[in-house]
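A.B. asks: My structure file target.txt, compact mmCIF, C-alpha atoms and all ligand atoms, is below:
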```txt
# COMPACT_ATOMS: atom_id res chain seq x y z
CA MET A 1 155.38 127.03 -59.92
CA ALA A 2 153.79 128.25 -63.15
CA PRO A 3 150.89 126.08 -64.31
CA HIS A 4 151.35 123.86 -67.33
CA VAL A 5 148.53 123.62 -69.84
CA ALA A 6 147.76 120.85 -72.32
CA ILE A 7 145.68 121.49 -75.43
CA VAL A 8 143.97 118.26 -76.45
CA PHE A 9 142.16 118.22 -79.77
CA TYR A 10 140.66 116.26 -82.62
CA SER A 11 140.45 117.74 -86.09
CA MET A 12 139.32 115.92 -89.19
CA TYR A 13 139.48 118.80 -91.70
CA GLY A 14 141.80 121.30 -90.00
CA HIS A 15 139.43 123.92 -88.59
CA ILE A 16 140.01 122.99 -84.95
CA LEU A 17 143.72 122.68 -85.73
CA GLN A 18 143.85 126.35 -86.77
CA LEU A 19 142.18 127.36 -83.50
CA VAL A 20 144.66 125.15 -81.59
CA GLU A 21 147.57 127.18 -83.00
CA GLU A 22 145.94 130.45 -81.89
CA GLU A 23 145.03 129.15 -78.42
CA ALA A 24 148.66 128.04 -77.97
CA ARG A 25 149.98 131.40 -79.22
CA GLY A 26 147.74 133.17 -76.69
CA ILE A 27 149.04 131.02 -73.84
CA ARG A 28 152.69 131.49 -74.85
CA GLU A 29 152.38 135.24 -75.36
CA ALA A 30 150.85 135.52 -71.89
CA GLY A 31 154.00 133.81 -70.58
CA GLY A 32 152.59 130.30 -70.22
CA ASN A 33 153.68 126.78 -71.04
CA VAL A 34 151.65 124.60 -73.34
CA THR A 35 151.90 121.09 -74.76
CA ILE A 36 149.65 120.02 -77.61
CA PHE A 37 148.20 116.53 -78.09
CA LYS A 38 145.79 115.06 -80.62
CA VAL A 39 143.47 112.23 -79.63
CA LYS A 40 143.71 108.99 -81.57
CA GLU A 41 141.79 108.43 -84.77
CA THR A 42 139.17 105.69 -84.48
CA LEU A 43 137.94 105.57 -88.09
CA THR A 44 139.53 103.29 -90.68
CA ASP A 45 141.51 104.71 -93.62
CA ASP A 46 138.75 103.48 -95.88
CA VAL A 47 136.08 105.48 -94.06
CA LEU A 48 138.32 108.55 -93.76
CA GLU A 49 138.89 108.48 -97.51
CA LYS A 50 135.14 108.35 -98.13
CA MET A 51 134.78 111.36 -95.81
CA HIS A 52 137.46 113.25 -97.82
CA ALA A 53 139.55 113.70 -94.69
CA PRO A 54 143.07 114.93 -95.50
CA LYS A 55 145.87 112.57 -94.45
CA ASN A 56 148.51 113.50 -91.83
CA LEU A 57 146.90 116.80 -90.93
CA SER A 58 149.30 117.41 -88.05
CA THR A 59 152.38 115.91 -86.45
CA TYR A 60 151.39 116.60 -82.84
CA GLU A 61 151.92 113.76 -80.40
CA GLU A 62 149.05 111.31 -80.31
CA LEU A 63 147.46 110.95 -76.90
CA ASP A 64 146.55 107.38 -76.07
CA ASP A 65 147.34 106.95 -72.36
CA PRO A 66 145.22 109.35 -70.23
CA SER A 67 147.74 109.21 -67.36
CA VAL A 68 149.97 111.45 -69.51
CA LEU A 69 147.58 114.30 -68.63
CA GLU A 70 147.93 113.83 -64.87
CA LYS A 71 150.98 116.09 -64.67
CA PHE A 72 149.19 119.08 -66.23
CA ASP A 73 147.28 121.76 -64.31
CA GLY A 74 144.76 122.70 -66.97
CA PHE A 75 143.36 121.54 -70.29
CA LEU A 76 141.86 123.25 -73.30
CA PHE A 77 139.87 120.82 -75.42
CA GLY A 78 139.38 121.49 -79.15
CA ILE A 79 136.15 119.79 -80.18
CA PRO A 80 134.71 119.57 -83.72
CA THR A 81 131.05 118.91 -83.04
CA ARG A 82 129.18 115.72 -83.85
CA TYR A 83 125.48 116.33 -83.29
CA GLY A 84 126.25 118.98 -80.66
CA ASN A 85 128.54 116.64 -78.75
CA TRP A 86 132.04 115.15 -78.54
CA PRO A 87 133.17 113.24 -81.64
CA ALA A 88 133.62 109.50 -81.04
CA GLN A 89 137.41 109.90 -81.26
CA PHE A 90 137.27 112.03 -78.10
CA LYS A 91 134.69 109.77 -76.47
CA ALA A 92 137.01 106.80 -77.04
CA PHE A 93 139.69 108.73 -75.17
CA TRP A 94 137.37 109.59 -72.26
CA ASP A 95 136.22 105.99 -72.05
CA LYS A 96 139.79 105.10 -71.13
CA THR A 97 139.83 107.48 -68.13
CA GLY A 98 138.06 105.17 -65.63
CA HIS A 99 141.21 105.06 -63.48
CA GLN A 100 141.48 108.88 -63.34
CA TRP A 101 137.75 109.12 -62.60
CA GLN A 102 137.96 106.65 -59.70
CA THR A 103 141.16 108.03 -58.18
CA GLY A 104 140.36 111.71 -58.77
CA ALA A 105 143.55 112.20 -60.77
CA PHE A 106 141.96 115.06 -62.77
CA TRP A 107 140.05 116.43 -59.77
CA GLY A 108 140.60 120.18 -59.25
CA LYS A 109 142.30 120.67 -62.61
CA TYR A 110 141.05 123.40 -64.95
CA ALA A 111 139.19 122.78 -68.20
CA GLY A 112 138.11 125.02 -71.06
CA ALA A 113 136.89 124.21 -74.56
CA PHE A 114 136.64 125.58 -78.09
CA VAL A 115 134.62 124.24 -80.95
CA SER A 116 133.97 123.98 -84.65
CA THR A 117 130.56 123.39 -86.19
CA ALA A 118 129.31 123.40 -89.77
CA THR A 119 126.77 126.16 -89.19
CA PRO A 120 125.32 128.57 -86.61
CA GLY A 121 122.89 126.60 -84.49
CA GLY A 122 124.93 123.45 -85.20
CA GLY A 123 126.28 123.18 -81.67
CA GLN A 124 128.63 126.06 -80.82
CA GLU A 125 127.23 126.24 -77.30
CA SER A 126 125.64 122.80 -76.87
CA THR A 127 128.93 121.03 -77.66
CA ILE A 128 130.61 122.71 -74.69
CA ILE A 129 127.54 122.27 -72.50
CA SER A 130 127.60 118.55 -73.37
CA ALA A 131 131.29 118.44 -72.40
CA MET A 132 130.39 119.73 -68.93
CA SER A 133 129.13 116.31 -67.85
CA THR A 134 132.58 114.82 -68.46
CA PHE A 135 134.27 117.72 -66.67
CA VAL A 136 131.92 117.44 -63.69
CA HIS A 137 132.34 113.70 -63.30
CA HIS A 138 136.11 114.16 -63.23
CA GLY A 139 135.80 117.08 -60.77
CA MET A 140 137.43 119.51 -63.19
CA ILE A 141 136.84 123.26 -62.84
CA PHE A 142 135.37 124.83 -65.98
CA VAL A 143 136.97 128.12 -67.06
CA PRO A 144 134.79 129.82 -69.67
CA LEU A 145 135.97 132.42 -72.17
CA GLY A 146 133.39 134.86 -70.79
CA TYR A 147 133.05 138.41 -72.09
CA LYS A 148 135.72 140.24 -70.12
CA THR A 149 138.49 140.21 -72.72
CA VAL A 150 136.38 139.78 -75.89
CA PHE A 151 133.20 141.80 -75.40
CA GLY A 152 133.76 143.84 -78.59
CA THR A 153 134.13 140.75 -80.79
CA LEU A 154 131.29 138.77 -79.22
CA ALA A 155 128.93 141.76 -79.44
CA ASP A 156 129.86 142.57 -83.05
CA LEU A 157 127.06 141.50 -85.42
CA THR A 158 128.56 142.83 -88.65
CA GLU A 159 129.68 139.42 -89.91
CA VAL A 160 128.96 135.72 -89.44
CA ARG A 161 131.16 134.44 -86.61
CA GLY A 162 131.55 131.42 -84.39
CA GLY A 163 132.47 131.53 -80.73
CA SER A 164 130.56 132.42 -77.59
CA PRO A 165 131.27 133.16 -73.93
CA TRP A 166 131.49 129.36 -73.54
CA GLY A 167 134.60 129.25 -75.73
CA ALA A 168 136.08 130.21 -79.10
CA GLY A 169 134.52 128.66 -82.19
CA THR A 170 134.50 128.60 -85.95
CA PHE A 171 132.07 127.61 -88.71
CA ALA A 172 133.37 125.09 -91.25
CA GLY A 173 130.35 125.45 -93.55
CA PRO A 174 128.16 122.55 -94.67
CA ASP A 175 130.91 121.24 -97.02
CA GLY A 176 133.86 122.16 -94.78
CA SER A 177 135.13 124.80 -97.21
CA ARG A 178 134.76 127.84 -94.97
CA GLN A 179 137.95 128.69 -93.07
CA PRO A 180 138.23 130.37 -89.65
CA SER A 181 137.85 134.15 -89.94
CA GLN A 182 140.18 136.69 -88.36
CA LYS A 183 137.64 137.35 -85.62
CA GLU A 184 137.29 133.64 -84.82
CA LEU A 185 141.07 133.23 -84.70
CA SER A 186 141.32 136.26 -82.41
CA LEU A 187 138.78 134.70 -80.03
CA ALA A 188 140.94 131.56 -79.85
CA TYR A 189 144.05 133.64 -79.18
CA GLU A 190 142.27 135.62 -76.46
CA GLN A 191 140.89 132.41 -74.92
CA GLY A 192 144.41 130.96 -74.65
CA LYS A 193 145.62 134.14 -72.99
CA ALA A 194 142.67 134.43 -70.62
CA PHE A 195 142.72 130.74 -69.69
CA TRP A 196 146.36 130.86 -68.70
CA THR A 197 145.90 134.16 -66.84
CA ALA A 198 142.89 132.78 -64.93
CA ILE A 199 144.55 129.57 -63.81
CA THR A 200 147.77 131.38 -62.88
CA LYS A 201 145.71 133.72 -60.69
CA GLN A 202 144.13 130.70 -58.98
CA ASN A 203 147.58 129.18 -58.44
CA GLU A 204 148.81 132.37 -56.80
CA ALA A 205 145.68 132.48 -54.63
CA VAL A 206 146.53 129.04 -53.26
CA GLY A 207 150.10 130.03 -52.45
CA GLY A 208 151.87 129.95 -55.80
CA GLY A 209 151.93 126.16 -56.06
CA ALA A 210 150.24 123.95 -58.58
CA PRO A 211 146.52 123.41 -57.99
CA VAL A 212 145.64 120.64 -55.59
CA THR A 213 145.59 117.35 -57.45
CA GLU A 214 144.76 115.02 -54.57
CA PRO A 215 141.23 115.35 -53.15
CA SER A 216 141.31 115.68 -49.37
CA GLN A 217 139.42 113.00 -47.49
CA LYS A 218 139.03 115.24 -44.43
CA SER A 219 136.18 117.64 -43.78
CA THR A 220 136.81 120.56 -41.43
CA THR A 221 133.16 121.54 -41.13
CA GLN A 222 131.28 118.31 -40.53
CA ALA A 223 132.02 115.30 -38.45
CA PRO A 224 131.54 112.02 -40.30
CA LYS A 225 128.06 110.62 -39.84
CA GLN A 226 127.92 107.74 -37.38
CA GLN A 227 125.85 104.80 -38.52
CA THR A 228 123.52 103.61 -35.80
CA SER A 229 122.20 100.10 -35.49
CA THR A 230 118.63 101.31 -36.32
CA GLU A 231 119.69 102.73 -39.70
CA PRO A 232 119.29 100.45 -42.70
CA GLN A 233 122.62 99.11 -43.88
CA HIS A 234 122.77 99.12 -47.67
CA LYS A 235 126.45 98.48 -47.98
CA GLU A 236 127.26 95.93 -50.64
CA GLU A 237 130.55 94.81 -52.04
CA HIS A 238 130.94 93.81 -55.63
CA ASP A 239 133.76 92.01 -57.25
CA LYS A 240 134.78 92.16 -60.91
CA SER A 241 131.42 91.97 -62.69
CA GLY A 242 129.37 93.98 -60.16
CA PRO A 243 126.94 96.77 -61.10
CA CYS A 244 129.77 99.30 -61.12
CA GLY A 245 130.67 97.89 -64.51
CA LEU A 246 134.34 98.36 -63.76
CA PRO A 247 137.10 95.80 -63.73
CA VAL A 248 137.90 96.44 -60.04
CA LYS A 249 136.29 95.75 -56.70
CA CYS A 250 133.84 98.48 -55.76
CA THR A 251 131.65 99.37 -52.80
CA ILE A 252 128.09 100.66 -53.03
CA SER A 253 126.56 102.11 -49.89
C1 LIG B 301 129.21 112.68 -88.37
C2 LIG B 301 129.26 114.18 -88.33
C3 LIG B 301 128.35 114.87 -87.56
C4 LIG B 301 128.35 116.26 -87.54
N1 LIG B 301 127.42 116.92 -86.78
C5 LIG B 301 127.35 118.26 -86.87
C6 LIG B 301 126.37 118.97 -86.14
O1 LIG B 301 125.57 118.41 -85.39
N2 LIG B 301 126.32 120.32 -86.28
C7 LIG B 301 127.19 121.00 -87.09
O2 LIG B 301 127.10 122.21 -87.19
N3 LIG B 301 128.17 120.34 -87.74
C8 LIG B 301 128.28 119.01 -87.65
N4 LIG B 301 129.26 118.35 -88.31
C9 LIG B 301 130.30 119.13 -89.01
C10 LIG B 301 131.59 119.15 -88.19
O3 LIG B 301 131.37 119.73 -86.94
C11 LIG B 301 132.69 119.86 -88.94
O4 LIG B 301 133.08 119.02 -90.00
C12 LIG B 301 133.87 120.15 -88.05
O5 LIG B 301 133.54 121.11 -87.09
C13 LIG B 301 135.07 120.64 -88.81
O6 LIG B 301 136.15 120.72 -87.90
P1 LIG B 301 137.54 120.07 -88.29
O7 LIG B 301 137.94 120.65 -89.61
O8 LIG B 301 138.48 120.49 -87.21
O9 LIG B 301 137.37 118.58 -88.36
C14 LIG B 301 129.30 116.97 -88.33
C15 LIG B 301 130.24 116.26 -89.08
C16 LIG B 301 130.23 114.88 -89.08
C17 LIG B 301 131.25 114.15 -89.90
```
Could I get this file's structure written as structure tokens?

C.D. replies:
Amino acid sequence: MAPHVAIVFYSMYGHILQLVEEEARGIREAGGNVTIFKVKETLTDDVLEKMHAPKNLSTYEELDDPSVLEKFDGFLFGIPTRYGNWPAQFKAFWDKTGHQWQTGAFWGKYAGAFVSTATPGGGQESTIISAMSTFVHHGMIFVPLGYKTVFGTLADLTEVRGGSPWGAGTFAGPDGSRQPSQKELSLAYEQGKAFWTAITKQNEAVGGGAPVTEPSQKSTTQAPKQQTSTEPQHKEEHDKSGPCGLPVKCTIS
């Protein structure tokens, strides 16, 4: 079965949105399937107006329930940086994924990212590096853009350009007036293509099916460690308000 990719983005001023369209075009032209979601706005209309954010930037489906993503094989996240990190709108979405984190519902799925920053040095690489912690905790497999399909563009120093081997990128400028250049858009297109090609190759390598979505509890190399009576037993059970900080019973050993 061909993998199905979701592009999940936030865009306040439209720069990430333009990259979204190119990433999706790259996936489709490589023969892939893609569904696009935007994460929910968390700022009030009043604040958005003060920030000169345009209204109704896109009509893509709003993603509120993280379980919607469980049926996809891979994700490309479009992230406009905030201090080299996820914007709060994205963080609010991730903070709702405790169930997927605990059950491993995103485990083994593929993740890539593309970014927008105001300026060079504003977080093109650090934004994606910061995203790695979220990917790792969910057990997602990071698929970088790399150099293979875009060496010429990434090595070209003739003009100011966002993007890196970590993922496509654009510069919005300090006042948001700069628009993505042709080279930046081409990096997004190539990332979409390469991401889909890479995850399709992985699918074929595991027998043409979708990537494993259920983590196996069995180990074929190591027998489970037996606990002897001389070993300290640090197993504690916590209900509701235990140190796990989660609204379910948890076990700490
Ligand atoms: C609160 C805030 C923090 C920001 N932090 C940074 C930053 O650390 N580095 C940077 O280059 N740009 C920063 N920016 C600029 C945004 O990254 C820029 O507006 C965004 O990439 C534009 O993408 P969009 O049009 O898709 O919203 C910040 C913007 C806001 C509103």

A.B. asks: Which one is closest to Thr59 (chain A): A:Ile199, A:Leu17, A:Ala24, A:Leu145? Count only C-alpha atoms.

C.D. replies: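 Of A:Ile199, A:Leu17, A:Ala24, A:Leu145, the one nearest Thr59 (chain A) is A:Leu17, counting only C-alpha atoms.
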
A.B. asks: With distances taken over all atoms listed in the file, which of A:Lys201, A:Arg82, A:Lys71, A:His138 is nearest to Thr117 (chain A)?

C.D. replies: A:Arg82

A.B. asks: Can you tell me which residues come within 7 Å of ligand LIG 301 (chain B) when counting all atoms listed in the file, ideally as an MDAnalysis selection string?

C.D. replies: chainID A and resid 10:17 80:84 115:123 171:172 174 176

A.B. asks: Between A:Ser177, A:Thr44, A:Thr149, A:Thr97, which is the closest to His137 (chain A) once you count all atoms listed in the file?

C.D. replies: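 When distances to His137 (chain A) are compared using all atoms listed in the file, the smallest one comes from A:Thr97.
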
A.B. asks: Mind pulling up the distance from CA of Thr134 (chain A) to CA of Ala155 (chain A)?

C.D. replies: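 If I compute the distance from CA of Ala155 (chain A) to CA of Thr134 (chain A), I get 29.3 Å.
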
A.B. asks: Could you check how far CA of Asp64 (chain A) sits from CA of Lys40 (chain A), in Å to one decimal?

C.D. replies: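 Rounded to one decimal, the two atoms are 6.4 Å apart.
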
A.B. asks: Enter the distance from CA of Val143 (chain A) to CA of Pro87 (chain A), in Å, rounded to one decimal.

C.D. replies: 21.2 Å

A.B. asks: Do a neighbour search on region 28-35 of chain A at 10 Å with all atoms listed in the file, toss out local chain neighbours closer than 4 positions, and write the hits as a PDB file with C-alpha atoms, in the coordinates of the input.

C.D. replies:
```
ATOM      1  CA  ALA A   2     153.790 128.250 -63.150  1.00  0.00           C
ATOM      2  CA  PRO A   3     150.890 126.080 -64.310  1.00  0.00           C
ATOM      3  CA  HIS A   4     151.350 123.860 -67.330  1.00  0.00           C
ATOM      4  CA  VAL A   5     148.530 123.620 -69.840  1.00  0.00           C
ATOM      5  CA  ALA A   6     147.760 120.850 -72.320  1.00  0.00           C
ATOM      6  CA  ILE A   7     145.680 121.490 -75.430  1.00  0.00           C
ATOM      7  CA  VAL A   8     143.970 118.260 -76.450  1.00  0.00           C
ATOM      8  CA  GLU A  22     145.940 130.450 -81.890  1.00  0.00           C
ATOM      9  CA  GLU A  23     145.030 129.150 -78.420  1.00  0.00           C
ATOM     10  CA  ALA A  24     148.660 128.040 -77.970  1.00  0.00           C
ATOM     11  CA  TYR A  60     151.390 116.600 -82.840  1.00  0.00           C
ATOM     12  CA  GLU A  61     151.920 113.760 -80.400  1.00  0.00           C
ATOM     13  CA  PHE A  72     149.190 119.080 -66.230  1.00  0.00           C
ATOM     14  CA  GLY A  74     144.760 122.700 -66.970  1.00  0.00           C
ATOM     15  CA  PHE A  75     143.360 121.540 -70.290  1.00  0.00           C
ATOM     16  CA  LEU A  76     141.860 123.250 -73.300  1.00  0.00           C
ATOM     17  CA  TYR A 189     144.050 133.640 -79.180  1.00  0.00           C
ATOM     18  CA  GLU A 190     142.270 135.620 -76.460  1.00  0.00           C
ATOM     19  CA  GLY A 192     144.410 130.960 -74.650  1.00  0.00           C
ATOM     20  CA  LYS A 193     145.620 134.140 -72.990  1.00  0.00           C
ATOM     21  CA  ALA A 194     142.670 134.430 -70.620  1.00  0.00           C
ATOM     22  CA  PHE A 195     142.720 130.740 -69.690  1.00  0.00           C
ATOM     23  CA  TRP A 196     146.360 130.860 -68.700  1.00  0.00           C
ATOM     24  CA  THR A 197     145.900 134.160 -66.840  1.00  0.00           C
ATOM     25  CA  THR A 200     147.770 131.380 -62.880  1.00  0.00           C
TER      26      THR A 200
END
```

A.B. asks: Hey, which of A:Leu63, A:Ala198, A:Val160, A:Ile27 ends up closest to Pro180 (chain A)? Count all atoms listed in the file.

C.D. replies: A:Val160

A.B. asks: Would you kindly return, as a ChimeraX atom specification, each protein, DNA or RNA residue with an atom no farther than 7 Å from any atom of Ala168 (chain A), considering all atoms listed in the file and excluding same-chain residues fewer than 6 positions away?

C.D. replies: /A:114-115,184,187-188,191

A.B. asks: Using all atoms listed in the file, which of the listed residues (A:Leu185, A:Val206, A:Val47, A:Leu157) sits closest to Gln18 (chain A)?

C.D. replies: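 Between A:Leu185, A:Val206, A:Val47, A:Leu157, the residue approaching Gln18 (chain A) most closely is A:Leu185.
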
A.B. asks: Using all atoms of region 120-138 of chain A that appear in the file, construct an axis-aligned enclosing box with 3 Å of padding on every side and provide its centre coordinates and edge lengths in Å, rounded to one decimal, as lines of an AutoDock Vina configuration file.

C.D. replies:
```
center_x = 129.5
center_y = 121.1
center_z = -74.9
size_x = 19.2
size_y = 20.9
size_z = 29.4
```
